[in-house]
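Below is one structure, written out as structure tokens; comments come after it.
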Amino acid sequence: MRLVVQNDKSRARVALGCAAAVLASTALVTGCSGSGSGPGTARPAAGQGAAGHAAPDPRAAQAAEHTRMVAAAKRWGLDEVPIAPPAPPKVKPRITARAGFEVDHQEDWDLPPVFTTVPTKNKVVFLTIDDGSEKDPRFLQMMRDLKIPYTAFLSNYLVKDDYGYFRKAQSYGNTLNNHTLTHPYLPGLSYEQQKHEICDMQDIMQKQFGKRPTVLRPPYGNYNQDTLVAAKSCGIKYAPIWNEEVYVDHWEFREDDQQLRRGDIVLTHFRGRSDWDGTMVDDMRRFLNKVTREGYAVARLEDYL
């Protein structure tokens with residue numbers, strides 16, 4: 001089994017009576033007689049809704065949203081507007097362990113698969129963000145303005161000082177998942193110790209964020225059979241790691257050709273100037289400029305699981 005290490009420093013009919021209908025007769029198609037077609041029946045003018053208001057124009061709404069996105073991209077310093085992702089697949093792809101990343105009894109024990117890429121024909125990548133050290137409010141606003149989904153993998157020792165920050169991220173439609181209590185090197189722990197790290201974090205996620213995740217990322221991308229057995233016992237179904245990692249000033253690639261692929265999982269961290277020569281906003285600008293330039297949209301990982 002190949003062990004993978006990440007670069008990590010620490011780790012939201014009413015039925016009208018006849019009297020009301022008379023008062024609003026210019027806006028109603030049916031009268032008190034119930035015929036709906038008599039000489040006194042008022043009809044909406046062309047281009048109007050049942051209440052006499054202009055019918056919504058989807059093209060105008062699309063144009064307004066495009067204008068908003070152009071302004072948002074400019075405000076956050078992007079080269080161009082990010083590409084909108086396609087609708088989630090109606091049939092989810094079958095996720096299996098990446099070749100060489102399996103453990104003994106991977107399939108017959110139905111253990112959570114470790115994978116770096118999701119099988120898809122859609123030109124999408126998935127953004128995942130680990131640990132929880134930096135809690136930059138500008139990052140939350142940037143991702144909300146640009147409608148970029150991401151999956152956060154949280155370690156309790158780094159997020160417990162401000163669970164509210166991550167509840168806000170969750171309220172914006174982003175997913176929070178398990179990254180253990182203390183971010184240890186799991187293969188160095190006993191089975192019971194690993195189970196404590198994973199299951200107890202599940203309890204905290206339930207208490208603080210209202211849901212026990214089904215997705216775990218083992219710290220540093222390191223795991224063994226005990227990790228996956230313990231994770232399954234705690235309700236985990238998937239153990240994604242990553243195929244690329246993005247920093248403020250560079251990218252790192254798992255594959256020799258140094259290229260993004262459809263369905264790739266990209267890793268970054270909740271970090272700021274204390275660890276990097278820049279902010280999370282700078283990091284996301286580098287990430288979004290590259291994926292957009294290469295024709296990729298950012299999709300939500302859980303929509304494919």
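Naming works like this for the structure tokens: A, B, ... for the chains as they're shown, residue 1 at the start of each chain, ligands 1 onward in shown order.
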Per residue of region 45-147 of chain A within 9 Å of region 201-217 of chain A, which atom pair is closest and at what distance in Å (one decimal), using only C-alpha atoms, listed by chain and increasing number, as a tab-separated table?
residue	atom	partner	partner_atom	distance
A:Pro112	CA	A:Val215	CA	8.8
A:Val114	CA	A:Arg217	CA	8.8
A:Asp130	CA	A:Arg217	CA	8.6
Output file for the selection above: C-alpha atoms, as an mmCIF file, in the first residue's frame:
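Generated file (selection_18.cif):
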data_model
loop_
_atom_site.group_PDB
_atom_site.id
_atom_site.type_symbol
_atom_site.label_atom_id
_atom_site.label_comp_id
_atom_site.auth_asym_id
_atom_site.auth_seq_id
_atom_site.Cartn_x
_atom_site.Cartn_y
_atom_site.Cartn_z
ATOM 1 C CA PRO A 112 -14.029 2.935 2.592
ATOM 2 C CA VAL A 114 -9.093 5.803 -0.780
ATOM 3 C CA ASP A 130 -7.982 20.813 5.345
#
Counting only C-alpha atoms, what is within 12 Å of region 59-67 of chain A, bar same-chain residues fewer than 5 positions away, as a short mmCIF file (atom, residue, chain, number, x, y, z; two decimals) with N, CA and C atoms, in the first residue's frame?
data_model
loop_
_atom_site.label_atom_id
_atom_site.label_comp_id
_atom_site.auth_asym_id
_atom_site.auth_seq_id
_atom_site.Cartn_x
_atom_site.Cartn_y
_atom_site.Cartn_z
N ALA A 72 -18.02 40.45 -9.47
CA ALA A 72 -17.41 39.71 -8.37
C ALA A 72 -16.01 39.23 -8.75
N ALA A 73 -15.86 38.71 -9.96
CA ALA A 73 -14.54 38.26 -10.40
C ALA A 73 -13.55 39.42 -10.41
N LYS A 74 -13.98 40.57 -10.86
CA LYS A 74 -13.11 41.75 -10.86
C LYS A 74 -12.77 42.17 -9.44
N GLU A 80 -10.73 35.93 -15.02
CA GLU A 80 -12.00 35.78 -15.71
C GLU A 80 -13.03 35.15 -14.78
N VAL A 81 -14.28 35.13 -15.22
CA VAL A 81 -15.36 34.58 -14.40
C VAL A 81 -15.21 33.07 -14.31
N PRO A 82 -15.28 32.48 -13.12
CA PRO A 82 -15.23 31.01 -13.01
C PRO A 82 -16.35 30.34 -13.79
N ILE A 83 -16.07 29.14 -14.28
CA ILE A 83 -17.06 28.39 -15.06
C ILE A 83 -18.06 27.74 -14.11
N ALA A 84 -19.35 27.86 -14.44
CA ALA A 84 -20.37 27.24 -13.60
C ALA A 84 -20.35 25.73 -13.79
N ASP A 145 -19.47 34.93 -2.90
CA ASP A 145 -19.70 35.83 -4.03
C ASP A 145 -19.53 35.12 -5.36
N LEU A 146 -18.53 34.23 -5.44
CA LEU A 146 -18.20 33.56 -6.68
C LEU A 146 -18.93 32.23 -6.86
N LYS A 147 -19.68 31.82 -5.85
CA LYS A 147 -20.44 30.55 -5.87
C LYS A 147 -19.53 29.35 -6.10
#
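In this model, the gap between CA of Arg262 (chain A) and CA of Arg300 (chain A) comes to 13.4 Å.
Between CA of Tyr185 (chain A) and CA of Asp282 (chain A) there is a distance of 29.2 Å.
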Residues at most 6 Å from Trp242 (chain A), counting only C-alpha atoms, excluding those fewer than 4 positions away in the same chain, as a PDB file with C-alpha atoms, in the first residue's frame?
ATOM      1  CA  THR A 116      -7.663  10.835  -5.670  1.00  0.00           C
ATOM      2  CA  ILE A 265      -9.514  16.258  -6.094  1.00  0.00           C
ATOM      3  CA  VAL A 266      -7.477  19.355  -5.232  1.00  0.00           C
ATOM      4  CA  LEU A 267      -6.155  19.982  -1.719  1.00  0.00           C
TER       5      LEU A 267
END
Hey, which bits of region 188-279 of chain A sit within 12 Å of region 117-123 of chain A, and for each residue what's the closest pair of atoms and how far apart in Å (one decimal), counting only C-alpha atoms, rows by chain and increasing number, as CSV?
residue,atom,partner,partner_atom,distance
A:Tyr238,CA,A:Val118,CA,11.5
A:Ala239,CA,A:Thr117,CA,11.5
A:Pro240,CA,A:Thr117,CA,8.3
A:Ile241,CA,A:Thr117,CA,8.6
A:Trp242,CA,A:Thr117,CA,7.2
A:Asn243,CA,A:Thr117,CA,6.8
A:Glu244,CA,A:Thr117,CA,9.9
A:Arg254,CA,A:Thr117,CA,11.1
A:Glu255,CA,A:Thr117,CA,11.5
A:Leu260,CA,A:Lys123,CA,10.0
A:Arg261,CA,A:Lys123,CA,8.0
A:Arg262,CA,A:Lys123,CA,5.1
A:Gly263,CA,A:Val118,CA,4.6
A:Asp264,CA,A:Thr117,CA,4.3
A:Ile265,CA,A:Thr117,CA,5.6
A:Val266,CA,A:Thr117,CA,9.1
A:Leu267,CA,A:Thr117,CA,11.8
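With CA of Leu154 (chain A) on one side and CA of Lys92 (chain A) on the other, the separation reads 25.0 Å.
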Residues within 10 Å of Glu192 (chain A), only C-alpha atoms, excluding chain neighbours under 6 positions, as a VMD selection string: chain A and resid 198 226 to 227 230
All strand (DSSP E or B) residues (DSSP, backbone) inside region 27-252 of chain A, as a VMD selection string: chain A and resid 48 54 83 114 to 115 117 124 to 131 151 to 154 175 to 178 215 to 216 238 to 240 244 to 246 251 to 252
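You can rank A:Tyr223, A:Asp283, A:Lys290, A:Ser171 by their closest distance to Gly188 (chain A) using only C-alpha atoms, and at the top of that list sits A:Tyr223.
The shell of residues at most 12 Å from Tyr191 (chain A), with only C-alpha atoms counted and near chain neighbours (fewer than 2 positions) removed, consists of Leu186, Pro187, Gly188, Leu189, Gln193, Gln194, Lys195, His196, Glu197, Ile198, Cys199, Tyr223, Asn224, Gln225, Asp226, Thr227, Leu228, Val229, Ala230, Ala231 and Ser233 of chain A.
Non-sequential neighbours of Lys135 (chain A) (distance at most 12 Å, separation of 5 or more positions within a chain, only C-alpha atoms) are Ile129, Asp130, Leu140, Gln141, Leu154, Leu158, Val159, Lys160, Asp161, Asp162, Tyr163, Gly164, Tyr165, Phe166, Arg167, Lys168, Ala169, His269, Phe270, Arg271, Gly272, Arg273, Ser274, Thr279, Met280 and Val281 of chain A.
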Residue nearest Pro218 (chain A) among A:Ser155, A:Gln259, A:Thr96, A:Thr175 (counting only C-alpha atoms): A:Ser155
Which of region 83-242 of chain A fall in helix (DSSP H, G or I), as a ChimeraX atom specification: /A:137-146,156-159,163-171,186-188,191-209,219-221,225-233
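Between Tyr247 (chain A) and the residues A:Phe126, A:Trp109, A:Phe287, A:Phe101, the shortest atom-to-atom distance, using only C-alpha atoms, involves A:Phe287.
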